[in-house]
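Data from input17.cif: mmCIF, C-alpha atoms and all ligand atoms
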data_coords
#
loop_
_atom_site.label_atom_id
_atom_site.label_comp_id
_atom_site.auth_asym_id
_atom_site.auth_seq_id
_atom_site.Cartn_x
_atom_site.Cartn_y
_atom_site.Cartn_z
CA MET A 1 32.34 7.47 3.85
CA ALA A 2 32.12 10.20 6.48
CA SER A 3 33.54 9.26 9.85
CA GLY A 4 31.19 9.14 12.81
CA PHE A 5 29.04 6.46 11.21
CA SER A 6 28.02 3.67 13.44
CA GLU A 7 29.64 0.34 12.80
CA TRP A 8 26.21 -0.87 11.66
CA ALA A 9 25.86 1.89 9.09
CA GLU A 10 29.36 1.18 7.76
CA ARG A 11 28.45 -2.47 7.33
CA ALA A 12 25.11 -1.66 5.67
CA HIS A 13 26.79 0.60 3.11
CA ALA A 14 29.43 -2.00 2.39
CA SER A 15 26.80 -4.59 1.40
CA LEU A 16 23.61 -2.83 0.31
CA PRO A 17 23.15 -0.05 -2.28
CA ALA A 18 22.57 3.16 -0.28
CA GLY A 19 22.85 1.02 2.84
CA GLY A 20 19.20 0.07 2.52
CA ASN A 21 16.72 -2.38 1.12
CA GLY A 22 15.00 0.09 -1.20
CA GLU A 23 12.71 3.07 -1.08
CA PHE A 24 13.59 4.52 2.32
CA ASP A 25 15.91 6.98 0.62
CA LEU A 26 17.68 7.94 3.83
CA PRO A 27 20.77 10.12 3.67
CA ASP A 28 23.94 8.28 4.62
CA ASP A 29 24.11 9.71 8.13
CA LEU A 30 20.63 8.36 8.97
CA THR A 31 21.30 4.82 7.79
CA THR A 32 19.40 2.67 10.23
CA VAL A 33 19.63 -1.00 11.05
CA VAL A 34 16.69 -2.28 13.08
CA GLU A 35 17.23 -4.97 15.64
CA SER A 36 13.75 -5.55 17.08
CA GLY A 37 10.31 -4.12 17.61
CA LYS A 38 7.64 -4.38 20.25
CA GLY A 39 4.21 -2.83 19.84
CA CYS A 40 4.79 0.46 18.04
CA ARG A 41 8.41 0.95 19.07
CA LEU A 42 11.58 -0.15 17.32
CA ARG A 43 15.05 -0.70 18.63
CA THR A 44 17.93 -0.06 16.29
CA ALA A 45 21.01 -2.26 16.28
CA ASP A 46 22.98 0.53 17.91
CA GLY A 47 20.53 0.76 20.78
CA ARG A 48 18.28 3.65 19.83
CA GLU A 49 14.53 3.48 20.46
CA MET A 50 12.25 4.92 17.80
CA LEU A 51 8.50 5.41 17.51
CA ASP A 52 7.40 3.38 14.52
CA PHE A 53 4.97 5.11 12.17
CA SER A 54 5.89 2.89 9.23
CA MET A 55 4.93 -0.43 10.79
CA GLY A 56 6.62 -2.49 8.11
CA TRP A 57 5.02 -0.23 5.45
CA GLY A 58 1.67 -1.15 6.90
CA SER A 59 2.21 -4.89 7.00
CA VAL A 60 2.00 -4.93 10.81
CA LEU A 61 -1.45 -3.65 11.74
CA VAL A 62 -1.74 -5.46 15.07
CA GLY A 63 1.68 -4.43 16.44
CA HIS A 64 5.23 -5.77 16.48
CA ALA A 65 5.83 -9.09 18.24
CA ASP A 66 2.22 -9.34 19.38
CA PRO A 67 1.87 -12.75 21.06
CA ARG A 68 -1.53 -13.28 19.43
CA ILE A 69 0.31 -13.55 16.09
CA ALA A 70 3.81 -14.60 17.15
CA GLU A 71 2.81 -17.61 19.26
CA PRO A 72 0.62 -19.46 16.74
CA VAL A 73 3.24 -18.79 14.04
CA ALA A 74 6.02 -20.20 16.25
CA ARG A 75 3.93 -23.28 16.99
CA ARG A 76 3.18 -23.73 13.30
CA LEU A 77 6.86 -23.44 12.35
CA ALA A 78 7.54 -26.59 14.34
CA ARG A 79 5.24 -28.41 11.87
CA GLY A 80 7.12 -27.31 8.74
CA ALA A 81 7.59 -23.97 7.00
CA ASN A 82 6.46 -24.58 3.43
CA PHE A 83 5.02 -27.30 1.26
CA ALA A 84 4.16 -25.18 -1.81
CA THR A 85 0.70 -26.69 -1.84
CA VAL A 86 -2.62 -26.30 -0.06
CA THR A 87 -2.42 -26.74 3.68
CA ASP A 88 -5.16 -26.82 6.30
CA ALA A 89 -4.17 -23.26 7.23
CA SER A 90 -4.23 -21.84 3.69
CA LEU A 91 -7.52 -23.59 2.96
CA GLU A 92 -9.12 -22.13 6.07
CA LEU A 93 -7.74 -18.75 5.10
CA ALA A 94 -9.18 -19.02 1.58
CA GLU A 95 -12.58 -19.85 3.06
CA ARG A 96 -12.39 -16.91 5.46
CA LEU A 97 -11.35 -14.50 2.70
CA ILE A 98 -14.26 -15.53 0.52
CA GLN A 99 -16.59 -14.74 3.42
CA ILE A 100 -14.98 -11.37 4.13
CA SER A 101 -14.25 -10.00 0.65
CA PRO A 102 -17.31 -9.02 -1.40
CA ALA A 103 -15.47 -9.61 -4.71
CA CYS A 104 -13.93 -12.97 -3.95
CA GLU A 105 -15.63 -16.12 -5.17
CA ARG A 106 -12.22 -17.76 -5.56
CA VAL A 107 -8.75 -16.77 -4.34
CA ARG A 108 -5.16 -17.75 -4.95
CA PHE A 109 -2.13 -17.04 -2.80
CA CYS A 110 1.21 -15.51 -3.62
CA ALA A 111 3.85 -13.88 -1.47
CA SER A 112 3.53 -10.14 -2.14
CA GLY A 113 1.24 -7.37 -3.26
CA THR A 114 3.34 -7.00 -6.41
CA GLU A 115 2.53 -10.53 -7.51
CA ALA A 116 -1.13 -10.13 -6.57
CA THR A 117 -1.72 -7.06 -8.77
CA MET A 118 0.39 -8.54 -11.58
CA TYR A 119 -1.77 -11.68 -11.63
CA CYS A 120 -4.99 -9.63 -11.56
CA LEU A 121 -3.86 -7.75 -14.66
CA ARG A 122 -2.73 -10.92 -16.43
CA LEU A 123 -6.08 -12.57 -15.69
CA ALA A 124 -7.93 -9.50 -16.96
CA ARG A 125 -5.97 -9.50 -20.22
CA ALA A 126 -6.54 -13.19 -20.78
CA PHE A 127 -10.23 -13.04 -19.86
CA THR A 128 -11.04 -10.08 -22.08
CA GLY A 129 -8.58 -10.92 -24.86
CA LYS A 130 -7.48 -7.27 -24.72
CA GLN A 131 -4.07 -5.80 -23.88
CA ARG A 132 -4.28 -2.28 -22.54
CA VAL A 133 -4.61 -1.28 -18.88
CA LEU A 134 -5.79 2.03 -17.45
CA ARG A 135 -4.20 3.15 -14.20
CA PHE A 136 -4.22 6.39 -12.23
CA GLU A 137 -1.35 8.82 -11.97
CA GLY A 138 0.48 8.63 -8.66
CA ALA A 139 -0.79 5.20 -7.67
CA TYR A 140 1.59 2.40 -6.74
CA HIS A 141 0.60 -1.14 -7.63
CA GLY A 142 3.83 -2.96 -6.83
CA ALA A 143 7.26 -3.21 -8.38
CA HIS A 144 6.26 -4.63 -11.78
CA ASP A 145 6.23 -2.48 -14.92
CA VAL A 146 2.59 -1.35 -14.77
CA GLY A 147 2.85 -0.82 -11.02
CA VAL A 148 5.52 1.87 -11.29
CA THR A 149 4.58 3.52 -14.58
CA SER A 150 3.47 7.12 -13.82
CA MET A 151 3.88 6.41 -10.10
CA PHE A 152 5.70 9.68 -9.48
CA PRO A 153 6.02 11.31 -12.89
CA SER A 154 8.06 14.45 -13.08
CA ARG A 155 6.43 15.84 -16.20
CA ARG A 156 2.81 16.89 -16.59
CA LEU A 157 2.12 14.91 -19.74
CA GLU A 158 -1.27 15.06 -21.36
CA PHE A 159 -3.45 12.15 -20.26
CA PRO A 160 -3.39 9.22 -21.06
CA ALA A 161 0.36 9.37 -21.83
CA PRO A 162 2.44 7.36 -19.34
CA GLU A 163 5.85 8.23 -17.87
CA PRO A 164 8.09 5.49 -16.47
CA SER A 165 9.07 6.11 -12.84
CA SER A 166 12.10 3.84 -13.17
CA ASP A 167 14.59 3.00 -15.83
CA GLY A 168 14.37 -0.50 -17.20
CA LEU A 169 10.60 -0.48 -17.73
CA THR A 170 8.84 -1.28 -21.00
CA ALA A 171 5.12 -1.01 -20.19
CA HIS A 172 4.92 2.63 -21.27
CA GLU A 173 6.47 1.97 -24.68
CA ASP A 174 3.74 0.53 -26.84
CA GLY A 175 0.63 2.15 -25.40
CA ARG A 176 -0.16 -0.78 -23.12
CA VAL A 177 -0.59 1.54 -20.15
CA LEU A 178 -3.00 4.46 -20.19
CA VAL A 179 -2.94 6.99 -17.38
CA ALA A 180 -5.77 9.08 -15.96
CA PRO A 181 -6.03 11.53 -13.06
CA PHE A 182 -7.44 10.00 -9.86
CA ASN A 183 -10.87 11.28 -8.85
CA ASP A 184 -11.71 12.56 -12.32
CA ALA A 185 -14.64 10.33 -13.25
CA GLU A 186 -15.26 12.14 -16.51
CA THR A 187 -11.74 11.68 -17.90
CA ALA A 188 -11.68 8.03 -16.86
CA ALA A 189 -15.11 7.40 -18.40
CA GLY A 190 -13.98 9.05 -21.63
CA LEU A 191 -10.86 6.89 -21.83
CA ILE A 192 -12.74 3.70 -21.00
CA ALA A 193 -15.22 4.40 -23.77
CA ALA A 194 -12.56 5.51 -26.29
CA TYR A 195 -10.34 2.47 -25.71
CA ALA A 196 -13.11 -0.06 -24.92
CA ASP A 197 -12.05 -2.43 -27.72
CA GLU A 198 -8.48 -2.65 -26.45
CA LEU A 199 -8.85 -2.11 -22.72
CA ALA A 200 -8.61 -5.16 -20.46
CA ALA A 201 -8.72 -3.55 -17.04
CA VAL A 202 -8.91 -0.44 -14.94
CA ILE A 203 -6.75 -0.82 -11.84
CA VAL A 204 -7.22 1.55 -8.92
CA GLU A 205 -6.17 1.98 -5.33
CA PRO A 206 -9.65 2.80 -3.95
CA LEU A 207 -7.94 5.16 -1.48
CA GLN A 208 -5.04 6.31 -3.62
CA ARG A 209 -2.03 6.64 -1.32
CA CYS A 210 -3.87 8.83 1.25
CA LEU A 211 -6.31 10.48 -1.18
CA PRO A 212 -9.91 9.46 -0.52
CA PRO A 213 -12.12 8.75 -3.52
CA ALA A 214 -14.47 11.63 -4.39
CA PRO A 215 -18.13 10.74 -3.98
CA GLY A 216 -19.25 8.80 -7.05
CA PHE A 217 -15.74 8.20 -8.48
CA LEU A 218 -15.46 4.48 -7.73
CA GLU A 219 -19.13 3.98 -8.58
CA SER A 220 -18.52 5.59 -11.96
CA LEU A 221 -15.53 3.31 -12.64
CA ARG A 222 -17.75 0.35 -11.78
CA THR A 223 -20.53 1.46 -14.12
CA GLU A 224 -18.27 2.38 -17.03
CA THR A 225 -16.08 -0.72 -16.90
CA ARG A 226 -19.12 -2.97 -16.76
CA ALA A 227 -20.74 -1.14 -19.67
CA HIS A 228 -17.63 -1.57 -21.85
CA GLY A 229 -16.53 -5.14 -21.10
CA VAL A 230 -13.52 -4.00 -19.06
CA LEU A 231 -12.60 -5.59 -15.73
CA LEU A 232 -12.34 -3.42 -12.63
CA VAL A 233 -9.41 -4.33 -10.39
CA PHE A 234 -9.13 -2.98 -6.85
CA ASP A 235 -5.63 -2.87 -5.46
CA GLU A 236 -6.49 -3.39 -1.79
CA VAL A 237 -2.92 -4.13 -0.76
CA VAL A 238 -3.08 -1.13 1.59
CA THR A 239 -6.82 -0.74 2.19
CA GLY A 240 -7.65 -4.43 2.67
CA PHE A 241 -8.60 -5.27 6.28
CA ARG A 242 -7.43 -1.76 7.24
CA LEU A 243 -10.23 0.61 6.23
CA ALA A 244 -12.78 -1.98 7.35
CA TYR A 245 -12.79 -5.74 7.87
CA GLY A 246 -14.10 -5.97 4.28
CA GLY A 247 -11.58 -3.31 3.18
CA ALA A 248 -12.33 -0.50 0.76
CA GLN A 249 -15.07 -2.56 -0.84
CA GLU A 250 -17.00 -2.49 2.41
CA ARG A 251 -16.02 1.08 3.25
CA TYR A 252 -17.03 2.56 -0.12
CA GLY A 253 -19.68 0.05 -1.16
CA VAL A 254 -18.23 -0.81 -4.59
CA THR A 255 -17.33 -4.36 -5.65
CA PRO A 256 -14.68 -4.91 -8.34
CA ASP A 257 -14.24 -7.96 -10.58
CA LEU A 258 -10.80 -8.76 -9.17
CA VAL A 259 -8.98 -7.69 -6.05
CA ALA A 260 -5.38 -7.83 -4.80
CA TYR A 261 -4.46 -8.07 -1.11
CA GLY A 262 -1.20 -8.18 0.81
CA LYS A 263 0.43 -6.21 3.64
CA ALA A 264 -1.76 -6.17 6.78
CA LEU A 265 -3.30 -9.55 6.08
CA GLY A 266 0.01 -11.31 6.68
CA GLY A 267 0.62 -9.85 10.13
CA GLY A 268 4.14 -8.97 8.97
CA LEU A 269 4.81 -12.24 7.16
CA PRO A 270 5.00 -12.34 3.36
CA ILE A 271 1.60 -12.61 1.76
CA GLY A 272 -0.32 -11.75 -1.37
CA VAL A 273 -3.79 -12.80 -2.44
CA PHE A 274 -5.59 -12.28 -5.70
CA GLY A 275 -9.20 -13.20 -6.11
CA GLY A 276 -12.52 -12.33 -7.61
CA ARG A 277 -15.15 -13.67 -9.98
CA GLU A 278 -15.14 -17.42 -10.43
CA ASP A 279 -15.39 -17.18 -14.22
CA VAL A 280 -12.19 -15.11 -14.30
CA MET A 281 -10.25 -17.00 -11.63
CA ARG A 282 -11.11 -20.26 -13.40
CA LEU A 283 -8.61 -19.33 -16.14
CA SER A 284 -5.78 -20.20 -13.77
CA SER A 285 -6.79 -23.88 -13.62
CA GLU A 286 -3.76 -25.79 -14.84
CA HIS A 287 -5.73 -28.42 -16.76
CA ARG A 288 -6.72 -25.69 -19.22
CA HIS A 289 -3.13 -25.33 -20.43
CA GLY A 290 -2.99 -25.98 -24.16
CA LYS A 291 -6.78 -26.45 -24.39
CA ALA A 292 -8.48 -23.22 -23.37
CA THR A 293 -7.57 -19.72 -22.25
CA TYR A 294 -5.07 -20.28 -19.48
CA VAL A 295 -3.23 -18.00 -17.07
CA TRP A 296 -0.04 -19.10 -15.38
CA THR A 297 0.02 -18.20 -11.71
CA ALA A 298 2.45 -19.73 -9.26
CA SER A 299 4.36 -18.65 -6.19
CA THR A 300 6.75 -20.90 -4.28
CA LEU A 301 5.88 -19.32 -0.95
CA GLY A 302 2.27 -18.46 -1.76
CA GLY A 303 -0.11 -19.89 0.83
CA ASN A 304 2.70 -21.17 3.04
CA PRO A 305 1.40 -22.31 6.43
CA LEU A 306 3.33 -19.69 8.42
CA SER A 307 1.90 -16.72 6.52
CA SER A 308 -1.52 -18.36 6.48
CA THR A 309 -1.41 -18.91 10.24
CA ALA A 310 -0.32 -15.32 10.77
CA ALA A 311 -3.17 -14.16 8.53
CA LEU A 312 -5.78 -16.22 10.37
CA ALA A 313 -4.52 -14.88 13.70
CA THR A 314 -4.54 -11.32 12.32
CA LEU A 315 -8.11 -11.72 11.09
CA ASP A 316 -9.11 -13.01 14.53
CA VAL A 317 -7.74 -9.87 16.17
CA LEU A 318 -9.20 -7.54 13.55
CA GLY A 319 -12.57 -9.26 13.93
CA GLU A 320 -12.84 -8.26 17.58
CA ASP A 321 -15.45 -5.68 18.56
CA GLY A 322 -14.43 -2.05 18.38
CA VAL A 323 -11.16 -2.56 16.45
CA TYR A 324 -12.04 -0.28 13.55
CA ASP A 325 -13.64 2.32 15.84
CA ARG A 326 -10.31 2.49 17.68
CA LEU A 327 -8.26 2.71 14.48
CA TYR A 328 -10.51 5.46 13.11
CA ALA A 329 -10.59 7.44 16.37
CA MET A 330 -6.80 7.30 16.61
CA GLY A 331 -6.37 8.33 12.96
CA SER A 332 -8.71 11.31 13.45
CA HIS A 333 -6.86 12.32 16.60
CA LEU A 334 -3.55 12.28 14.73
CA ARG A 335 -4.81 14.10 11.64
CA ASP A 336 -6.63 16.75 13.73
CA GLY A 337 -3.47 17.28 15.76
CA MET A 338 -1.43 17.69 12.58
CA ARG A 339 -3.92 20.21 11.19
CA GLU A 340 -3.75 22.18 14.42
CA LEU A 341 0.06 22.33 14.37
CA LEU A 342 0.05 23.49 10.75
CA ALA A 343 -2.69 26.07 11.32
CA GLU A 344 -0.92 27.48 14.40
CA ARG A 345 2.10 28.12 12.19
CA SER A 346 0.06 29.35 9.21
CA ILE A 347 1.60 26.68 6.99
CA ASP A 348 -0.38 25.86 3.85
CA ALA A 349 -0.94 22.12 3.84
CA CYS A 350 -3.58 19.41 3.55
CA VAL A 351 -3.63 16.53 5.98
CA LEU A 352 -4.73 13.48 4.05
CA GLY A 353 -5.79 9.99 5.02
CA GLU A 354 -8.61 7.90 6.35
CA GLY A 355 -8.83 5.40 9.17
CA PRO A 356 -5.35 4.57 10.49
CA LEU A 357 -3.48 6.45 7.72
CA ALA A 358 -2.16 9.99 7.61
CA GLN A 359 -0.03 12.13 5.33
CA ILE A 360 0.80 15.80 5.03
CA ALA A 361 0.76 17.43 1.59
CA PHE A 362 2.18 20.94 1.55
CA THR A 363 -0.20 22.46 -0.95
CA ASP A 364 -2.28 25.60 -0.92
CA ALA A 365 -5.23 24.04 -2.79
CA PRO A 366 -7.24 20.97 -1.78
CA ALA A 367 -5.46 17.75 -2.80
CA ARG A 368 -7.58 15.36 -4.83
CA ASP A 369 -5.14 13.72 -7.26
CA TYR A 370 -1.41 13.29 -7.85
CA ARG A 371 -0.79 16.73 -9.33
CA SER A 372 -2.74 18.68 -6.73
CA SER A 373 -1.12 16.74 -3.87
CA GLN A 374 2.46 17.57 -4.84
CA HIS A 375 4.36 19.57 -2.21
CA SER A 376 4.77 23.21 -3.18
CA ASP A 377 8.26 23.06 -1.64
CA LYS A 378 9.61 19.51 -2.03
CA ALA A 379 12.96 20.31 -0.43
CA ALA A 380 11.32 21.68 2.74
CA ALA A 381 8.98 18.68 2.94
CA ARG A 382 11.94 16.34 2.74
CA ARG A 383 13.86 18.29 5.37
CA LEU A 384 10.83 17.96 7.65
CA MET A 385 10.65 14.19 7.20
CA LEU A 386 14.36 13.83 7.90
CA GLU A 387 14.09 16.06 10.96
CA LEU A 388 11.29 13.83 12.29
CA PHE A 389 13.46 10.80 11.64
CA ARG A 390 16.29 12.47 13.55
CA ARG A 391 13.85 13.06 16.39
CA GLY A 392 13.25 9.33 16.66
CA VAL A 393 10.21 8.84 14.45
CA PHE A 394 10.70 5.88 12.15
CA LEU A 395 8.98 6.75 8.89
CA ASN A 396 9.60 6.71 5.20
CA PRO A 397 11.25 10.05 4.44
CA MET A 398 9.89 9.95 0.90
CA GLY A 399 6.94 11.57 2.66
CA THR A 400 4.57 8.72 2.06
CA LYS A 401 1.85 7.84 4.50
CA LEU A 402 2.15 7.26 8.22
CA TYR A 403 0.71 3.94 9.32
CA LEU A 404 -0.96 3.48 12.70
CA SER A 405 -1.57 0.11 14.29
CA LEU A 406 -3.52 -1.36 17.18
CA ALA A 407 -0.34 -1.00 19.25
CA HIS A 408 -0.52 2.80 18.90
CA ASP A 409 -2.78 4.92 21.04
CA GLU A 410 -3.59 8.58 21.36
CA SER A 411 -0.68 9.21 23.72
CA VAL A 412 1.79 7.79 21.17
CA CYS A 413 0.18 10.01 18.54
CA ASP A 414 0.70 12.94 20.94
CA GLU A 415 4.40 12.01 21.23
CA LEU A 416 4.60 12.18 17.44
CA LEU A 417 2.73 15.49 17.38
CA GLU A 418 5.13 16.99 19.89
CA ARG A 419 8.08 15.96 17.74
CA LEU A 420 6.30 17.19 14.62
CA GLY A 421 5.74 20.59 16.25
CA GLY A 422 9.46 20.82 17.04
CA ALA A 423 10.42 19.68 13.56
CA LEU A 424 8.06 22.18 11.91
CA ASP A 425 9.59 24.98 13.98
CA GLU A 426 13.07 23.84 13.07
CA VAL A 427 12.51 23.31 9.36
CA MET A 428 9.40 24.98 7.99
CA ALA A 429 8.75 28.00 10.17
CA PRO A 430 12.14 29.66 9.47
CA ALA A 431 11.47 29.28 5.76
CA LEU A 432 8.15 31.05 6.17
CA ALA A 433 9.35 33.78 8.52
C1 LIG A 501 -1.23 -0.10 -3.09
C2 LIG A 501 -0.07 -1.05 -3.17
N1 LIG A 501 -0.11 -2.06 -4.06
C3 LIG A 501 0.88 -2.96 -4.16
C4 LIG A 501 2.00 -2.87 -3.37
C5 LIG A 501 3.12 -3.87 -3.51
O1 LIG A 501 3.14 -4.73 -2.42
P1 LIG A 501 4.49 -5.54 -2.09
O2 LIG A 501 5.49 -4.56 -1.59
O3 LIG A 501 4.02 -6.54 -1.03
O4 LIG A 501 4.92 -6.23 -3.32
C6 LIG A 501 2.11 -1.83 -2.44
C7 LIG A 501 3.31 -1.70 -1.59
O5 LIG A 501 3.55 -0.71 -0.94
C8 LIG A 501 1.05 -0.89 -2.35
O6 LIG A 501 1.12 0.16 -1.50
#
Produce C-alpha cells that represent the structure in this file.
Amino acid sequence: MASGFSEWAERAHASLPAGGNGEFDLPDDLTTVVESGKGCRLRTADGREMLDFSMGWGSVLVGHADPRIAEPVARRLARGANFATVTDASLELAERLIQISPACERVRFCASGTEATMYCLRLARAFTGKQRVLRFEGAYHGAHDVGVTSMFPSRRLEFPAPEPSSDGLTAHEDGRVLVAPFNDAETAAGLIAAYADELAAVIVEPLQRCLPPAPGFLESLRTETRAHGVLLVFDEVVTGFRLAYGGAQERYGVTPDLVAYGKALGGGLPIGVFGGREDVMRLSSEHRHGKATYVWTASTLGGNPLSSTAALATLDVLGEDGVYDRLYAMGSHLRDGMRELLAERSIDACVLGEGPLAQIAFTDAPARDYRSSQHSDKAAARRLMLELFRRGVFLNPMGTKLYLSLAHDESVCDELLERLGGALDEVMAPALA
C-alpha cells in the first residue's frame, strides 16, 4: 500500500475488501472511516469534516443524531433491543403505515429493502402461480438476484434479455427475469401481454434512480398488469416517505398491489417493510404451511422495537407542516444551481431528480431511461465525483444520487455548489477546452 495513508485507511484495507463496506468504490487514497455525524455534516476518524450528501444512502432523512429520533431510541433501548415478535412499537408502526400507504392493507417487517422487495416478488409468484418477473433496466431493487440483474448492464442487449450485474447470480439464466426500458409504456405493455401466462409481477422504482416517470407510464403499468393477472410491485425503498408522506403512490397517484419500504422510514436504523393487498399478504400466514399456498417470510430483526421507535419518531417529524415543501424547495434550489453551473461552462448534461434528490447525467440528449442517462464520458464523470469527494463532499463516487435531508438548507446546498463549480473547472472544463 502507498505510504501517506492514514492509520485508519491502513486498518480498513487490512480488514475489509477495498477498505470499504461495499459500493462506495473509492480509490485507495480516499478510503474514509467515519467517526460521527451531526445534522448534515460528518466527521471522519482522522478529524476531517465533510458535508454529507449521501445521508446513509438516504436512510437518514431527518438528519444525523437528531434528538427527536436519538432520544426515544435511547430510551427504548433500556427496555430491550429485540424480541423477534410483535411489540407495542411495531404494532403501532404497522397501524400507522396502513393509514399512510395507499397500497397497504397488511404489512410485515424485515430489516432491509433487499428483504422487502424479495418478499414482494416471492408473494407475487406464489399468489399468481407464475414464475417470471419483469423489471426495468438500470433499476436497483436490493442485493438479491433479481435486484441486481440488468442494474448496470454494459451491453445493449435486445429487450427483454437480462444481463447479470454481478457474478454469482442465477436469475438471468432460465428466463425468470425479463427486462424492459423504463418509461417505455408500449414495450412494457407488449411484454406483459406476451408473457401474461408466465408473468407473476412487474417491479418498478416509481422514480427510477433519479429518473421521473413519464406522464402515463405508471398508470399504464397499473392498467396492463391488472388486465393480465400480473401483480404490480412498487419498490418505494427510496421514494417512500421522501417524495411525499404517502411516497410515490401519493405523488404520482398510482396504487400497486404490493409495496416495499426501507431506508428513510428507519431514521438510520435497519428497517424493511413489505405490504399490500390483504388477499396476497394472507399467504404468509404460518398456519397455511402444508395446507394452502404459503410464503415463508421471516426476519430476526424485523420489527424490532428500536427500529420501530425510530420509524415512529421519523414519521412524527415528517408529518409536521411544511416538511415536504421545504424538501422540494431545497431540491429545486440545488438542481437549479447545478444546471446554472453546467450551462455557464457549456457542459452537456441533464440534472435529474425530484424532491430532495439530485443527480447529474452527462448526456447531450434528455435522459429518460438507463441507456439515455449514461454519461457520455464516464471517466470524466468519475473524476468529477472524486474531486468533489476530495473537496470534502461525502457522496457515492459511483455517481448515484445526492440525498438531501431536513438538516440541509439552501446555504449548505450553496456550499456544495461552490465546490461543484471548482471541481467542474478542475476536471471537466479542461477536457472541453
Ligand atoms: C430502490 C431500492 N430498492 C432496494 C434497495 C435495497 O435496500 P437495502 O440496502 O436496505 O437492502 C435499495 C438500496 O439502495 C434501493 O435504492
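Omitting Gly216 of chain A and its sequence neighbours fewer than 5 positions away, and counting all atoms listed in the file, the residues within 10 Å are Asn183, Asp184, Ala185, Leu221, Arg222, Tyr252 and Val254 of chain A.
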Write out as JSON lines a residue-level contact list of chain A versus ligand LIG 501 (chain A) with cut-off 9 Å: for each qualifying residue the closest pair of atoms and the distance in Å to one decimal, counting only C-alpha atoms and all ligand atoms, rows sorted by chain and residue number upward.
{"residue": "A:Trp57", "atom": "CA", "partner": "A:LIG501", "partner_atom": "O5", "distance": 6.6}
{"residue": "A:Gly58", "atom": "CA", "partner": "A:LIG501", "partner_atom": "O5", "distance": 8.1}
{"residue": "A:Ser59", "atom": "CA", "partner": "A:LIG501", "partner_atom": "O3", "distance": 8.4}
{"residue": "A:Ala111", "atom": "CA", "partner": "A:LIG501", "partner_atom": "O3", "distance": 7.4}
{"residue": "A:Ser112", "atom": "CA", "partner": "A:LIG501", "partner_atom": "O3", "distance": 3.8}
{"residue": "A:Gly113", "atom": "CA", "partner": "A:LIG501", "partner_atom": "O1", "distance": 3.4}
{"residue": "A:Thr114", "atom": "CA", "partner": "A:LIG501", "partner_atom": "O4", "distance": 3.6}
{"residue": "A:Glu115", "atom": "CA", "partner": "A:LIG501", "partner_atom": "O4", "distance": 6.5}
{"residue": "A:Ala116", "atom": "CA", "partner": "A:LIG501", "partner_atom": "C3", "distance": 7.8}
{"residue": "A:Thr117", "atom": "CA", "partner": "A:LIG501", "partner_atom": "C3", "distance": 6.7}
{"residue": "A:Ala139", "atom": "CA", "partner": "A:LIG501", "partner_atom": "C1", "distance": 7.0}
{"residue": "A:Tyr140", "atom": "CA", "partner": "A:LIG501", "partner_atom": "C2", "distance": 5.2}
{"residue": "A:His141", "atom": "CA", "partner": "A:LIG501", "partner_atom": "N1", "distance": 3.8}
{"residue": "A:Gly142", "atom": "CA", "partner": "A:LIG501", "partner_atom": "C5", "distance": 3.5}
{"residue": "A:Ala143", "atom": "CA", "partner": "A:LIG501", "partner_atom": "O4", "distance": 6.3}
{"residue": "A:His144", "atom": "CA", "partner": "A:LIG501", "partner_atom": "O4", "distance": 8.7}
{"residue": "A:Gly147", "atom": "CA", "partner": "A:LIG501", "partner_atom": "C3", "distance": 7.5}
{"residue": "A:Val204", "atom": "CA", "partner": "A:LIG501", "partner_atom": "C1", "distance": 8.5}
{"residue": "A:Glu205", "atom": "CA", "partner": "A:LIG501", "partner_atom": "C1", "distance": 5.8}
{"residue": "A:Pro206", "atom": "CA", "partner": "A:LIG501", "partner_atom": "C1", "distance": 8.9}
{"residue": "A:Leu207", "atom": "CA", "partner": "A:LIG501", "partner_atom": "C1", "distance": 8.7}
{"residue": "A:Gln208", "atom": "CA", "partner": "A:LIG501", "partner_atom": "C1", "distance": 7.5}
{"residue": "A:Arg209", "atom": "CA", "partner": "A:LIG501", "partner_atom": "C1", "distance": 7.0}
{"residue": "A:Asp235", "atom": "CA", "partner": "A:LIG501", "partner_atom": "C1", "distance": 5.7}
{"residue": "A:Glu236", "atom": "CA", "partner": "A:LIG501", "partner_atom": "C1", "distance": 6.3}
{"residue": "A:Val237", "atom": "CA", "partner": "A:LIG501", "partner_atom": "N1", "distance": 4.8}
{"residue": "A:Val238", "atom": "CA", "partner": "A:LIG501", "partner_atom": "C1", "distance": 5.1}
{"residue": "A:Thr239", "atom": "CA", "partner": "A:LIG501", "partner_atom": "C1", "distance": 7.7}
{"residue": "A:Ala260", "atom": "CA", "partner": "A:LIG501", "partner_atom": "N1", "distance": 7.8}
{"residue": "A:Tyr261", "atom": "CA", "partner": "A:LIG501", "partner_atom": "N1", "distance": 8.0}
{"residue": "A:Gly262", "atom": "CA", "partner": "A:LIG501", "partner_atom": "O3", "distance": 5.8}
{"residue": "A:Lys263", "atom": "CA", "partner": "A:LIG501", "partner_atom": "O3", "distance": 5.9}
{"residue": "A:Pro270", "atom": "CA", "partner": "A:LIG501", "partner_atom": "O3", "distance": 7.3}
{"residue": "A:Ile271", "atom": "CA", "partner": "A:LIG501", "partner_atom": "O3", "distance": 7.1}
{"residue": "A:Gly272", "atom": "CA", "partner": "A:LIG501", "partner_atom": "O3", "distance": 6.8}
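If you measure from each of A:Pro102, A:Gly355, A:Gly190, A:Pro256 to Asp325 of chain A using all atoms listed in the file, the closest one turns out to be A:Gly355.
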Practice problem: Identify which of the residues A:Gly422, A:Gly246, A:Pro153, A:Gly63 lies closest to Leu341 of chain A, counting only C-alpha atoms when measuring atom-to-atom distances. | Solution: A:Gly422
Self-check item: Within 10 Å of Glu49 of chain A using all atoms listed in the file, minus same-chain residues under 3 positions, as an MDAnalysis selection string
Solution: chainID A and resid 34 36:37 41:46 52 392:394
Practice problem: Compile the contact shell of Glu173 of chain A as a PyMOL selection string: residues with an atom at most 12 Å away, counting only C-alpha atoms, same-chain residues fewer than 6 positions apart removed. | Solution: chain A and resi 132+145-146+149+161-164
Exercise. Using all atoms listed in the file, determine which residues lie at most 8 Å from Val107 of chain A, disregarding the query and same-chain residues fewer than 4 positions distant; provide the list as a ChimeraX atom specification.
Key: /A:94,97-98,273-276,281
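With only C-alpha atoms as the basis for measurement, A:Gly56 is the residue among A:Pro27, A:Gly337, A:Pro366, A:Gly56 that approaches Cys40 of chain A most closely.
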